[in-house]
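Reproduced below: upload.cif, with mmCIF, C-alpha atoms and all ligand atoms.
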```
data_my_file
loop_
_atom_site.group_PDB
_atom_site.id
_atom_site.type_symbol
_atom_site.label_atom_id
_atom_site.label_comp_id
_atom_site.auth_asym_id
_atom_site.auth_seq_id
_atom_site.Cartn_x
_atom_site.Cartn_y
_atom_site.Cartn_z
ATOM 1 C CA MET C 1216 0.000 0.000 0.000
ATOM 2 C CA SER C 1217 2.321 2.709 -1.210
ATOM 3 C CA ALA C 1218 -0.055 5.220 -2.814
ATOM 4 C CA ARG C 1219 -0.775 8.478 -1.000
ATOM 5 C CA ILE C 1220 -3.955 10.439 -0.321
ATOM 6 C CA ALA C 1221 -3.743 14.240 -0.276
ATOM 7 C CA ARG C 1222 -4.113 15.727 3.207
ATOM 8 C CA LEU C 1223 -5.651 19.093 4.013
ATOM 9 C CA SER C 1224 -6.982 20.893 7.044
ATOM 10 C CA SER C 1225 -10.702 21.613 7.381
ATOM 11 C CA SER C 1226 -9.740 25.295 7.374
ATOM 12 C CA ALA C 1227 -8.384 24.959 3.798
ATOM 13 C CA PRO C 1228 -10.424 26.794 1.158
ATOM 14 C CA THR C 1229 -13.333 24.724 -0.177
ATOM 15 C CA GLU C 1230 -11.927 25.031 -3.715
ATOM 16 C CA LYS C 1231 -8.747 23.269 -2.594
ATOM 17 C CA ILE C 1232 -10.687 20.397 -1.019
ATOM 18 C CA ALA C 1233 -12.943 20.122 -4.082
ATOM 19 C CA ALA C 1234 -9.909 20.230 -6.412
ATOM 20 C CA ALA C 1235 -8.258 17.365 -4.497
ATOM 21 C CA LEU C 1236 -11.475 15.340 -4.811
ATOM 22 C CA HIS C 1237 -11.770 16.027 -8.529
ATOM 23 C CA ASP C 1238 -8.056 15.333 -9.155
ATOM 24 C CA ASP C 1239 -7.500 12.254 -6.955
ATOM 25 C CA GLY C 1240 -11.025 11.089 -6.109
ATOM 26 C CA ALA C 1241 -10.189 11.237 -2.390
ATOM 27 C CA VAL C 1242 -8.755 13.522 0.269
ATOM 28 C CA ILE C 1243 -8.064 13.297 3.997
ATOM 29 C CA VAL C 1244 -9.274 16.337 5.897
ATOM 30 C CA GLU C 1245 -8.073 16.889 9.446
ATOM 31 C CA ASP C 1246 -10.075 18.514 12.248
ATOM 32 C CA VAL C 1247 -13.501 17.999 10.674
ATOM 33 C CA LEU C 1248 -15.039 17.329 14.097
ATOM 34 C CA GLU C 1249 -13.680 19.639 16.772
ATOM 35 C CA PRO C 1250 -12.482 17.818 19.939
ATOM 36 C CA GLY C 1251 -15.485 18.821 22.083
ATOM 37 C CA LEU C 1252 -17.998 17.678 19.482
ATOM 38 C CA LEU C 1253 -16.095 14.442 18.931
ATOM 39 C CA ALA C 1254 -16.077 13.701 22.675
ATOM 40 C CA ARG C 1255 -19.806 14.388 23.038
ATOM 41 C CA PHE C 1256 -20.600 12.257 19.991
ATOM 42 C CA ASN C 1257 -18.491 9.343 21.256
ATOM 43 C CA ALA C 1258 -20.063 9.601 24.716
ATOM 44 C CA GLU C 1259 -23.496 9.254 23.140
ATOM 45 C CA LEU C 1260 -22.403 6.315 20.998
ATOM 46 C CA ASP C 1261 -20.725 4.348 23.821
ATOM 47 C CA PRO C 1262 -23.918 2.965 25.435
ATOM 48 C CA ILE C 1263 -25.546 2.339 22.050
ATOM 49 C CA LEU C 1264 -22.564 0.296 20.862
ATOM 50 C CA GLU C 1265 -22.634 -1.715 24.108
ATOM 51 C CA ARG C 1266 -26.032 -3.018 23.039
ATOM 52 C CA VAL C 1267 -25.041 -3.785 19.433
ATOM 53 C CA SER C 1268 -23.913 -7.231 18.349
ATOM 54 C CA PRO C 1269 -21.634 -7.792 15.339
ATOM 55 C CA GLU C 1270 -23.819 -10.818 14.531
ATOM 56 C CA ARG C 1271 -26.878 -9.249 13.023
ATOM 57 C CA ALA C 1272 -29.451 -9.744 10.300
ATOM 58 C CA TYR C 1273 -28.874 -8.309 6.836
ATOM 59 C CA LEU C 1274 -31.149 -7.727 3.871
ATOM 60 C CA ASN C 1275 -29.447 -10.474 1.840
ATOM 61 C CA PRO C 1276 -26.373 -12.756 1.878
ATOM 62 C CA LEU C 1277 -24.374 -10.350 -0.300
ATOM 63 C CA LEU C 1278 -24.717 -7.594 2.280
ATOM 64 C CA ALA C 1279 -23.896 -10.061 5.056
ATOM 65 C CA TYR C 1280 -20.692 -10.964 3.212
ATOM 66 C CA PHE C 1281 -19.882 -7.325 2.472
ATOM 67 C CA TYR C 1282 -20.074 -6.230 6.114
ATOM 68 C CA GLY C 1283 -19.011 -9.509 7.757
ATOM 69 C CA ASN C 1284 -19.821 -10.515 11.330
ATOM 70 C CA ARG C 1285 -17.084 -8.595 13.159
ATOM 71 C CA VAL C 1286 -18.550 -5.119 12.709
ATOM 72 C CA ARG C 1287 -20.858 -3.353 15.131
ATOM 73 C CA GLN C 1288 -23.141 -1.051 13.181
ATOM 74 C CA ILE C 1289 -25.461 1.736 14.222
ATOM 75 C CA THR C 1290 -27.905 2.767 11.521
ATOM 76 C CA GLY C 1291 -30.550 5.489 11.598
ATOM 77 C CA VAL C 1292 -27.980 7.478 13.540
ATOM 78 C CA ALA C 1293 -29.960 10.739 13.369
ATOM 79 C CA ALA C 1294 -32.738 9.089 15.376
ATOM 80 C CA GLN C 1295 -30.396 7.576 17.956
ATOM 81 C CA SER C 1296 -27.843 10.296 18.569
ATOM 82 C CA ARG C 1297 -28.923 13.872 19.190
ATOM 83 C CA VAL C 1298 -25.353 15.040 18.609
ATOM 84 C CA PHE C 1299 -25.377 13.443 15.185
ATOM 85 C CA GLY C 1300 -28.827 14.682 14.217
ATOM 86 C CA ALA C 1301 -28.337 18.225 15.431
ATOM 87 C CA GLU C 1302 -24.619 18.817 14.849
ATOM 88 C CA VAL C 1303 -22.735 16.259 12.749
ATOM 89 C CA LEU C 1304 -25.290 15.680 9.990
ATOM 90 C CA CYS C 1305 -25.679 19.398 9.275
ATOM 91 C CA HIS C 1306 -22.043 20.286 9.993
ATOM 92 C CA PRO C 1307 -21.071 23.364 7.925
ATOM 93 C CA PHE C 1308 -17.942 21.607 6.671
ATOM 94 C CA TYR C 1309 -20.044 19.022 4.813
ATOM 95 C CA THR C 1310 -22.381 21.695 3.517
ATOM 96 C CA ARG C 1311 -19.596 23.615 1.834
ATOM 97 C CA VAL C 1312 -17.948 20.536 0.323
ATOM 98 C CA CYS C 1313 -21.270 19.088 -0.887
ATOM 99 C CA ASP C 1314 -22.272 22.487 -2.289
ATOM 100 C CA ALA C 1315 -19.080 22.427 -4.368
ATOM 101 C CA ILE C 1316 -19.176 18.786 -5.491
ATOM 102 C CA LEU C 1317 -22.910 17.998 -5.748
ATOM 103 C CA GLY C 1318 -24.490 21.457 -5.919
ATOM 104 C CA PRO C 1319 -24.009 21.927 -9.677
ATOM 105 C CA ASN C 1320 -25.747 18.597 -10.424
ATOM 106 C CA CYS C 1321 -28.982 18.914 -8.463
ATOM 107 C CA GLY C 1322 -31.544 21.262 -6.955
ATOM 108 C CA SER C 1323 -30.458 20.013 -3.516
ATOM 109 C CA TYR C 1324 -28.609 17.016 -2.140
ATOM 110 C CA GLN C 1325 -29.509 14.738 0.747
ATOM 111 C CA LEU C 1326 -28.066 12.232 3.158
ATOM 112 C CA ASN C 1327 -27.573 8.887 1.433
ATOM 113 C CA VAL C 1328 -26.505 6.796 4.394
ATOM 114 C CA ALA C 1329 -25.211 7.357 7.917
ATOM 115 C CA GLN C 1330 -23.767 4.346 9.706
ATOM 116 C CA VAL C 1331 -21.424 4.036 12.630
ATOM 117 C CA MET C 1332 -19.059 1.222 11.645
ATOM 118 C CA ASP C 1333 -17.163 -0.118 14.597
ATOM 119 C CA ARG C 1334 -14.867 -2.647 12.958
ATOM 120 C CA GLY C 1335 -13.697 -5.186 15.496
ATOM 121 C CA PRO C 1336 -10.747 -7.592 15.771
ATOM 122 C CA GLY C 1337 -10.812 -10.104 12.931
ATOM 123 C CA ALA C 1338 -12.747 -7.855 10.540
ATOM 124 C CA GLU C 1339 -11.331 -8.606 7.086
ATOM 125 C CA GLN C 1340 -10.697 -5.974 4.444
ATOM 126 C CA GLN C 1341 -13.980 -5.168 2.753
ATOM 127 C CA LEU C 1342 -14.410 -6.058 -0.870
ATOM 128 C CA LEU C 1343 -13.011 -3.020 -2.694
ATOM 129 C CA HIS C 1344 -15.889 -1.185 -4.335
ATOM 130 C CA ARG C 1345 -17.363 2.016 -5.695
ATOM 131 C CA ASP C 1346 -20.242 3.279 -3.572
ATOM 132 C CA GLU C 1347 -22.124 4.626 -6.593
ATOM 133 C CA ASP C 1348 -22.539 1.111 -7.981
ATOM 134 C CA VAL C 1349 -25.755 0.870 -5.937
ATOM 135 C CA TRP C 1350 -27.165 3.032 -8.769
ATOM 136 C CA VAL C 1351 -26.075 0.588 -11.455
ATOM 137 C CA HIS C 1352 -28.779 1.773 -13.856
ATOM 138 C CA LEU C 1353 -27.328 5.263 -14.044
ATOM 139 C CA PRO C 1354 -25.748 5.637 -17.517
ATOM 140 C CA ARG C 1355 -22.007 6.416 -17.616
ATOM 141 C CA PRO C 1356 -20.246 8.741 -17.811
ATOM 142 C CA HIS C 1357 -22.322 10.954 -15.557
ATOM 143 C CA ALA C 1358 -21.844 14.031 -13.416
ATOM 144 C CA GLU C 1359 -20.794 13.500 -9.800
ATOM 145 C CA VAL C 1360 -23.802 12.147 -7.869
ATOM 146 C CA GLN C 1361 -22.259 11.146 -4.547
ATOM 147 C CA LEU C 1362 -19.829 12.398 -1.946
ATOM 148 C CA ALA C 1363 -18.928 9.792 0.657
ATOM 149 C CA SER C 1364 -16.800 9.895 3.770
ATOM 150 C CA VAL C 1365 -15.626 8.034 6.828
ATOM 151 C CA ILE C 1366 -14.979 10.190 9.892
ATOM 152 C CA ALA C 1367 -12.418 8.708 12.294
ATOM 153 C CA LEU C 1368 -14.054 8.634 15.728
ATOM 154 C CA VAL C 1369 -10.858 7.083 17.129
ATOM 155 C CA ASP C 1370 -7.338 7.331 15.706
ATOM 156 C CA PHE C 1371 -7.348 5.342 12.448
ATOM 157 C CA THR C 1372 -4.237 3.187 11.944
ATOM 158 C CA ALA C 1373 -3.542 0.564 9.290
ATOM 159 C CA GLU C 1374 -3.615 -2.190 11.950
ATOM 160 C CA LEU C 1375 -6.991 -1.052 13.222
ATOM 161 C CA GLY C 1376 -8.502 -1.149 9.721
ATOM 162 C CA ALA C 1377 -8.338 2.420 8.435
ATOM 163 C CA THR C 1378 -10.229 2.856 5.163
ATOM 164 C CA VAL C 1379 -8.270 1.747 2.084
ATOM 165 C CA VAL C 1380 -8.553 3.924 -1.053
ATOM 166 C CA ALA C 1381 -7.260 3.760 -4.629
ATOM 167 C CA PRO C 1382 -6.482 7.418 -5.441
ATOM 168 C CA GLY C 1383 -7.232 8.275 -9.074
ATOM 169 C CA SER C 1384 -9.526 5.261 -9.528
ATOM 170 C CA HIS C 1385 -12.501 7.565 -10.192
ATOM 171 C CA ARG C 1386 -10.997 7.994 -13.664
ATOM 172 C CA TRP C 1387 -10.178 4.343 -14.319
ATOM 173 C CA GLU C 1388 -11.854 2.002 -16.754
ATOM 174 C CA ARG C 1389 -14.590 0.102 -14.916
ATOM 175 C CA GLU C 1390 -12.855 -3.248 -15.209
ATOM 176 C CA ARG C 1391 -9.458 -2.154 -13.888
ATOM 177 C CA VAL C 1392 -8.531 -3.858 -10.627
ATOM 178 C CA ALA C 1393 -6.508 -1.920 -8.039
ATOM 179 C CA GLN C 1394 -3.033 -3.396 -7.506
ATOM 180 C CA PRO C 1395 -1.601 -3.386 -3.947
ATOM 181 C CA GLU C 1396 0.804 -0.545 -4.763
ATOM 182 C CA GLU C 1397 -2.100 1.573 -6.039
ATOM 183 C CA LEU C 1398 -3.818 1.496 -2.648
ATOM 184 C CA ALA C 1399 -3.444 4.035 0.140
ATOM 185 C CA CYS C 1400 -4.405 3.646 3.765
ATOM 186 C CA ALA C 1401 -6.342 6.553 5.301
ATOM 187 C CA GLU C 1402 -4.400 6.683 8.552
ATOM 188 C CA MET C 1403 -5.607 9.768 10.401
ATOM 189 C CA PRO C 1404 -6.262 11.114 13.872
ATOM 190 C CA ALA C 1405 -9.685 11.050 15.513
ATOM 191 C CA GLY C 1406 -11.819 13.908 14.224
ATOM 192 C CA ALA C 1407 -10.357 13.710 10.701
ATOM 193 C CA ALA C 1408 -12.291 12.318 7.746
ATOM 194 C CA VAL C 1409 -11.457 10.645 4.481
ATOM 195 C CA LEU C 1410 -13.686 12.002 1.722
ATOM 196 C CA TYR C 1411 -14.129 10.195 -1.584
ATOM 197 C CA LEU C 1412 -16.303 10.353 -4.669
ATOM 198 C CA GLY C 1413 -18.935 7.729 -5.439
ATOM 199 C CA SER C 1414 -16.714 6.552 -8.294
ATOM 200 C CA THR C 1415 -13.543 6.046 -6.207
ATOM 201 C CA ILE C 1416 -12.515 2.478 -5.325
ATOM 202 C CA HIS C 1417 -12.172 1.932 -1.567
ATOM 203 C CA GLY C 1418 -13.142 -0.339 1.333
ATOM 204 C CA GLY C 1419 -12.885 -0.722 5.083
ATOM 205 C CA GLY C 1420 -9.437 -2.074 6.056
ATOM 206 C CA ARG C 1421 -8.568 -5.304 7.853
ATOM 207 C CA ASN C 1422 -8.497 -5.023 11.634
ATOM 208 C CA SER C 1423 -5.462 -7.089 12.597
ATOM 209 C CA THR C 1424 -5.370 -6.021 16.259
ATOM 210 C CA ALA C 1425 -6.188 -8.415 19.105
ATOM 211 C CA ASP C 1426 -8.707 -6.199 20.833
ATOM 212 C CA GLY C 1427 -8.984 -2.806 19.109
ATOM 213 C CA TRP C 1428 -12.175 -1.437 17.612
ATOM 214 C CA ARG C 1429 -12.079 0.961 14.674
ATOM 215 C CA ARG C 1430 -14.972 3.298 15.293
ATOM 216 C CA GLY C 1431 -15.841 5.236 12.131
ATOM 217 C CA MET C 1432 -18.791 7.311 10.985
ATOM 218 C CA HIS C 1433 -19.653 6.378 7.431
ATOM 219 C CA MET C 1434 -21.650 9.276 6.031
ATOM 220 C CA SER C 1435 -22.460 9.905 2.404
ATOM 221 C CA PHE C 1436 -24.551 12.378 0.463
ATOM 222 C CA VAL C 1437 -26.281 12.015 -2.887
ATOM 223 C CA VAL C 1438 -28.058 14.312 -5.325
ATOM 224 C CA GLY C 1439 -31.686 14.812 -4.304
ATOM 225 C CA TRP C 1440 -33.064 13.081 -7.388
ATOM 226 C CA LEU C 1441 -31.737 9.585 -6.668
ATOM 227 C CA ARG C 1442 -33.189 7.091 -4.202
ATOM 228 C CA THR C 1443 -31.118 6.829 -1.039
ATOM 229 C CA GLU C 1444 -29.456 3.679 0.216
ATOM 230 C CA GLU C 1445 -30.886 4.085 3.715
ATOM 231 C CA ASN C 1446 -34.574 4.888 3.958
ATOM 232 C CA ASN C 1447 -34.056 8.052 5.944
ATOM 233 C CA TYR C 1448 -37.742 8.945 6.373
ATOM 234 C CA LEU C 1449 -38.452 5.630 8.077
ATOM 235 C CA SER C 1450 -35.141 5.519 9.980
ATOM 236 C CA THR C 1451 -35.758 9.053 11.263
ATOM 237 C CA PRO C 1452 -39.543 9.375 11.254
ATOM 238 C CA PRO C 1453 -41.391 12.714 11.496
ATOM 239 C CA ALA C 1454 -41.739 12.488 15.298
ATOM 240 C CA VAL C 1455 -37.933 12.623 15.609
ATOM 241 C CA ALA C 1456 -37.197 14.775 12.552
ATOM 242 C CA ARG C 1457 -39.505 17.455 13.985
ATOM 243 C CA THR C 1458 -37.063 17.949 16.883
ATOM 244 C CA LEU C 1459 -34.012 18.428 14.619
ATOM 245 C CA PRO C 1460 -32.723 21.598 12.970
ATOM 246 C CA ARG C 1461 -34.367 22.454 9.671
ATOM 247 C CA ARG C 1462 -31.073 21.876 7.840
ATOM 248 C CA SER C 1463 -30.985 18.296 9.154
ATOM 249 C CA GLN C 1464 -34.611 17.802 8.109
ATOM 250 C CA GLU C 1465 -33.653 18.924 4.604
ATOM 251 C CA LEU C 1466 -30.706 16.528 4.510
ATOM 252 C CA LEU C 1467 -32.912 13.668 5.697
ATOM 253 C CA GLY C 1468 -35.026 14.257 2.586
ATOM 254 C CA TYR C 1469 -37.969 16.021 4.200
ATOM 255 C CA SER C 1470 -37.851 18.892 1.721
ATOM 256 C CA THR C 1471 -38.849 18.553 -1.907
ATOM 257 C CA HIS C 1472 -36.198 18.381 -4.591
ATOM 258 C CA ASP C 1473 -37.069 21.427 -6.635
ATOM 259 C CA ALA C 1474 -35.523 21.626 -10.107
ATOM 260 C CA ILE C 1475 -38.070 24.008 -11.560
ATOM 261 C CA ALA C 1476 -35.528 26.833 -11.827
ATOM 262 C CA SER C 1477 -33.442 24.529 -14.072
ATOM 263 C CA GLY C 1478 -36.426 23.674 -16.259
ATOM 264 C CA GLY C 1479 -37.239 20.464 -14.382
ATOM 265 C CA GLY C 1480 -39.906 19.563 -11.857
ATOM 266 C CA TYR C 1481 -40.200 18.663 -8.206
ATOM 267 C CA LEU C 1482 -39.880 15.414 -6.278
ATOM 268 C CA GLY C 1483 -40.995 14.236 -2.868
ATOM 269 C CA ALA C 1484 -44.140 16.295 -2.335
ATOM 270 C CA VAL C 1485 -46.859 15.377 0.177
ATOM 271 C CA ASP C 1486 -50.390 16.429 -0.706
ATOM 272 C CA LEU C 1487 -48.797 18.620 -3.424
ATOM 273 C CA LEU C 1488 -46.931 20.588 -0.757
ATOM 274 C CA ASP C 1489 -43.404 20.664 0.645
ATOM 275 C CA PRO C 1490 -43.276 18.189 3.565
ATOM 276 C CA ILE C 1491 -40.722 20.306 5.422
ATOM 277 C CA GLU C 1492 -43.344 23.068 5.673
ATOM 278 C CA LEU C 1493 -45.965 20.559 6.817
ATOM 279 C CA LEU C 1494 -43.514 19.407 9.486
ATOM 280 C CA ALA C 1495 -43.008 23.012 10.601
ATOM 281 C CA GLN C 1496 -46.785 23.540 10.755
ATOM 282 C CA GLY C 1497 -47.293 20.398 12.866
ATOM 283 C CA LYS C 1498 -49.258 18.733 10.057
ATOM 284 C CA LEU C 1499 -46.826 15.850 9.650
HETATM 285 O O1 LIG C 1501 -15.656 1.500 6.998
HETATM 286 C C1 LIG C 1501 -14.968 1.922 6.067
HETATM 287 O O2 LIG C 1501 -13.793 2.274 6.196
HETATM 288 C C2 LIG C 1501 -15.572 2.011 4.682
HETATM 289 C C3 LIG C 1501 -16.962 1.512 4.615
HETATM 290 C C4 LIG C 1501 -17.479 1.463 3.241
HETATM 291 O O3 LIG C 1501 -16.819 1.783 2.306
HETATM 292 C C5 LIG C 1501 -18.856 1.023 2.978
HETATM 293 O O4 LIG C 1501 -19.488 0.414 3.866
HETATM 294 O O5 LIG C 1501 -19.351 1.271 1.858
HETATM 295 FE FE FE C 1502 -17.987 2.136 0.543
#
```

Please re-express this file's structure in structure tokens.
Amino acid sequence: MSARIARLSSSAPTEKIAAALHDDGAVIVEDVLEPGLLARFNAELDPILERVSPERAYLNPLLAYFYGNRVRQITGVAAQSRVFGAEVLCHPFYTRVCDAILGPNCGSYQLNVAQVMDRGPGAEQQLLHRDEDVWVHLPRPHAEVQLASVIALVDFTAELGATVVAPGSHRWERERVAQPEELACAEMPAGAAVLYLGSTIHGGGRNSTADGWRRGMHMSFVVGWLRTEENNYLSTPPAVARTLPRRSQELLGYSTHDAIASGGGYLGAVDLLDPIELLAQGKL
């Protein structure tokens, strides 16, 4: 694993972060979550993770193989962690990067999936993949539809299973397989994040430690006109969404996707109205 991922600080100009993503398909950004926020988030996750078993049910055998049985997962994080729902999900850092990467290709973007992935001892390297392959029917080439990330909630080391990325692979032919020397390991301190495009090859790393857990926040965003991987309206139903900031409600898909200004139409209406307004009026 001798390839390198560009490294920037979260205080770097958005254009620099976006340029690294467009050039290399991935970038490590340090200090995405400030220490106080990180500590409060982890404190909220601790008791939830205590109750989670790595042996869990999955939609189908492929997903069971993909995640394996050594990973503790928290899904529907916005409904389980107030810190996530009110502060991490709508963090201004993600807004400015998503505005730059996804903004030009949609009326608005939304959360695709939010999962805490606590990869335990014995977790094997995930099958290397492109996240955007869930939308296999989307013709190629296409504009950028997804920005994905893993936030390190503990220090990410190679031994602990830091995310593995193939920089530049967003431009490769579909069939090309990443060779070991083309892979980079996203070693980074807690609070940093590795950001990658939907078309960049990557995967969770192998946890070769005897007793360490690699706690990461897998969070990705997608243009508002594609169906999301996690059903965010059911995972974070109106009763919970109502208590979250409006920006988080938007990201959870409660607002319509309005492309009328671009000559398109709207998506996601309820009773021909914008559900986020119905939520605000107590009608949802
Ligand atoms: O946990 C990681 O490092 C990456 C996870 C991932 O790529 C995925 O689940 O799609
Ligand atoms: Fe992935």

* To verify the selection step, state as number ranges by chain which residues the PyMOL selection byres (((not hetatm)) within 7 of (chain C and resi 1502)) yields on this input. => C: 1344-1346, 1417-1418

* Asked: Can you list, as number ranges by chain, the residues that the PyMOL selection byres (((not hetatm)) within 8 of (chain C and resi 1501)) selects here?
  -> C: 1281-1282, 1332-1334, 1341, 1343-1346, 1365, 1376-1379, 1417-1420, 1431-1433

Selection from above, C-alpha atoms, as a PDB file, in the coordinates of the input, can you write it?
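Contents of out_16.pdb, as written:
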```
ATOM      1  CA  PHE C1281     -19.882  -7.325   2.472  1.00  0.00           C
ATOM      2  CA  TYR C1282     -20.074  -6.230   6.114  1.00  0.00           C
ATOM      3  CA  MET C1332     -19.059   1.222  11.645  1.00  0.00           C
ATOM      4  CA  ASP C1333     -17.163  -0.118  14.597  1.00  0.00           C
ATOM      5  CA  ARG C1334     -14.867  -2.647  12.958  1.00  0.00           C
ATOM      6  CA  GLN C1341     -13.980  -5.168   2.753  1.00  0.00           C
ATOM      7  CA  LEU C1343     -13.011  -3.020  -2.694  1.00  0.00           C
ATOM      8  CA  HIS C1344     -15.889  -1.185  -4.335  1.00  0.00           C
ATOM      9  CA  ARG C1345     -17.363   2.016  -5.695  1.00  0.00           C
ATOM     10  CA  ASP C1346     -20.242   3.279  -3.572  1.00  0.00           C
ATOM     11  CA  VAL C1365     -15.626   8.034   6.828  1.00  0.00           C
ATOM     12  CA  GLY C1376      -8.502  -1.149   9.721  1.00  0.00           C
ATOM     13  CA  ALA C1377      -8.338   2.420   8.435  1.00  0.00           C
ATOM     14  CA  THR C1378     -10.229   2.856   5.163  1.00  0.00           C
ATOM     15  CA  VAL C1379      -8.270   1.747   2.084  1.00  0.00           C
ATOM     16  CA  HIS C1417     -12.172   1.932  -1.567  1.00  0.00           C
ATOM     17  CA  GLY C1418     -13.142  -0.339   1.333  1.00  0.00           C
ATOM     18  CA  GLY C1419     -12.885  -0.722   5.083  1.00  0.00           C
ATOM     19  CA  GLY C1420      -9.437  -2.074   6.056  1.00  0.00           C
ATOM     20  CA  GLY C1431     -15.841   5.236  12.131  1.00  0.00           C
ATOM     21  CA  MET C1432     -18.791   7.311  10.985  1.00  0.00           C
ATOM     22  CA  HIS C1433     -19.653   6.378   7.431  1.00  0.00           C
TER      23      HIS C1433
END
```

* For the structure shown, which residues end up in the PyMOL selection byres (((chain C and resi 1459) around 12) and not hetatm)? Put them as a ChimeraX atom specification, please? => /C:1293-1305,1451-1458,1460-1467,1469,1491,1494-1495

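Distance annotation: of C:Thr1229, C:Leu1342, C:Arg1287, C:Glu1245, the residue with the minimal separation from C:Thr1310 is C:Thr1229; atom set is all atoms listed in the file.
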
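Distances from C:Ala1363, C:Ala1234, C:Val1267, C:Ile1289 to C:Leu1412 were compared using all atoms listed in the file, and the smallest one belongs to C:Ala1363.
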
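Closest to C:Met1403 among C:Ser1226, C:Thr1372, C:Thr1415, C:Ser1423 is C:Thr1372, based on only C-alpha atoms.
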
* Excluding C:Val1349 and any residue of its chain fewer than 2 positions from it, enumerate the residues within 12 Å of it, using only C-alpha atoms, and give them as a PyMOL selection string. => chain C and resi 1278+1327-1328+1344-1347+1351-1353+1360-1361+1413-1414+1437+1441-1445

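Of note, atom CA of C:Pro1404 and atom CA of C:Ile1366 are spaced 9.6 Å apart.
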
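You will find atom CA of C:Ala1373 at 15.4 Å from atom CA of C:Glu1397.
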
* To do: Can you work out which one of C:Val1244, C:Ala1218, C:Ile1316, C:Leu1482 has the shortest atom-to-atom distance to C:Ala1408, counting all atoms listed in the file?
  => C:Val1244

Let me have the centre and edge lengths in Å, one decimal, of the box along x, y and z around every listed atom of stretch 1385-1391 of chain C with 3 Å of margin on each side, as JSON.
```
{"center_x": -12.0, "center_y": 2.4, "center_z": -13.5, "size_x": 11.1, "size_y": 17.2, "size_z": 12.6}
```

* atom CA of C:Ala1358 and atom CA of C:Cys1321 are how many Å apart? -> 10.0 Å

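Distances from C:Phe1308, C:Tyr1481, C:Tyr1324, C:Phe1256 to C:Val1292 were compared using only C-alpha atoms, and the smallest one belongs to C:Phe1256.
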
For stretch 1484-1488 of chain C, supply all heavy atoms and report the output as a CSV table (one decimal), in the coordinates of the input.
```csv
chain,number,residue,atom,x,y,z
C,1484,ALA,N,-43.1,15.5,-3.0
C,1484,ALA,CA,-44.1,16.3,-2.3
C,1484,ALA,C,-45.1,15.4,-1.5
C,1484,ALA,O,-45.2,14.2,-1.7
C,1484,ALA,CB,-44.9,17.0,-3.4
C,1485,VAL,N,-45.8,16.0,-0.6
C,1485,VAL,CA,-46.9,15.4,0.2
C,1485,VAL,C,-48.1,16.3,0.0
C,1485,VAL,O,-48.0,17.5,0.3
C,1485,VAL,CB,-46.5,15.2,1.7
C,1485,VAL,CG1,-47.7,14.8,2.5
C,1485,VAL,CG2,-45.4,14.2,1.9
C,1486,ASP,N,-49.2,15.7,-0.5
C,1486,ASP,CA,-50.4,16.4,-0.7
C,1486,ASP,C,-50.1,17.7,-1.5
C,1486,ASP,O,-50.7,18.8,-1.3
C,1486,ASP,CB,-51.0,16.8,0.7
C,1486,ASP,CG,-52.5,17.2,0.5
C,1486,ASP,OD1,-53.1,16.9,-0.6
C,1486,ASP,OD2,-53.0,17.9,1.4
C,1487,LEU,N,-49.2,17.5,-2.5
C,1487,LEU,CA,-48.8,18.6,-3.4
C,1487,LEU,C,-48.1,19.8,-2.7
C,1487,LEU,O,-48.1,20.9,-3.2
C,1487,LEU,CB,-50.0,19.1,-4.3
C,1487,LEU,CG,-50.6,18.0,-5.1
C,1487,LEU,CD1,-51.9,18.5,-5.7
C,1487,LEU,CD2,-49.7,17.5,-6.2
C,1488,LEU,N,-47.6,19.5,-1.5
C,1488,LEU,CA,-46.9,20.6,-0.8
C,1488,LEU,C,-45.6,20.1,-0.4
C,1488,LEU,O,-45.2,18.9,-0.5
C,1488,LEU,CB,-47.8,20.9,0.5
C,1488,LEU,CG,-49.1,21.6,0.2
C,1488,LEU,CD1,-50.0,21.6,1.4
C,1488,LEU,CD2,-48.9,23.0,-0.3
```
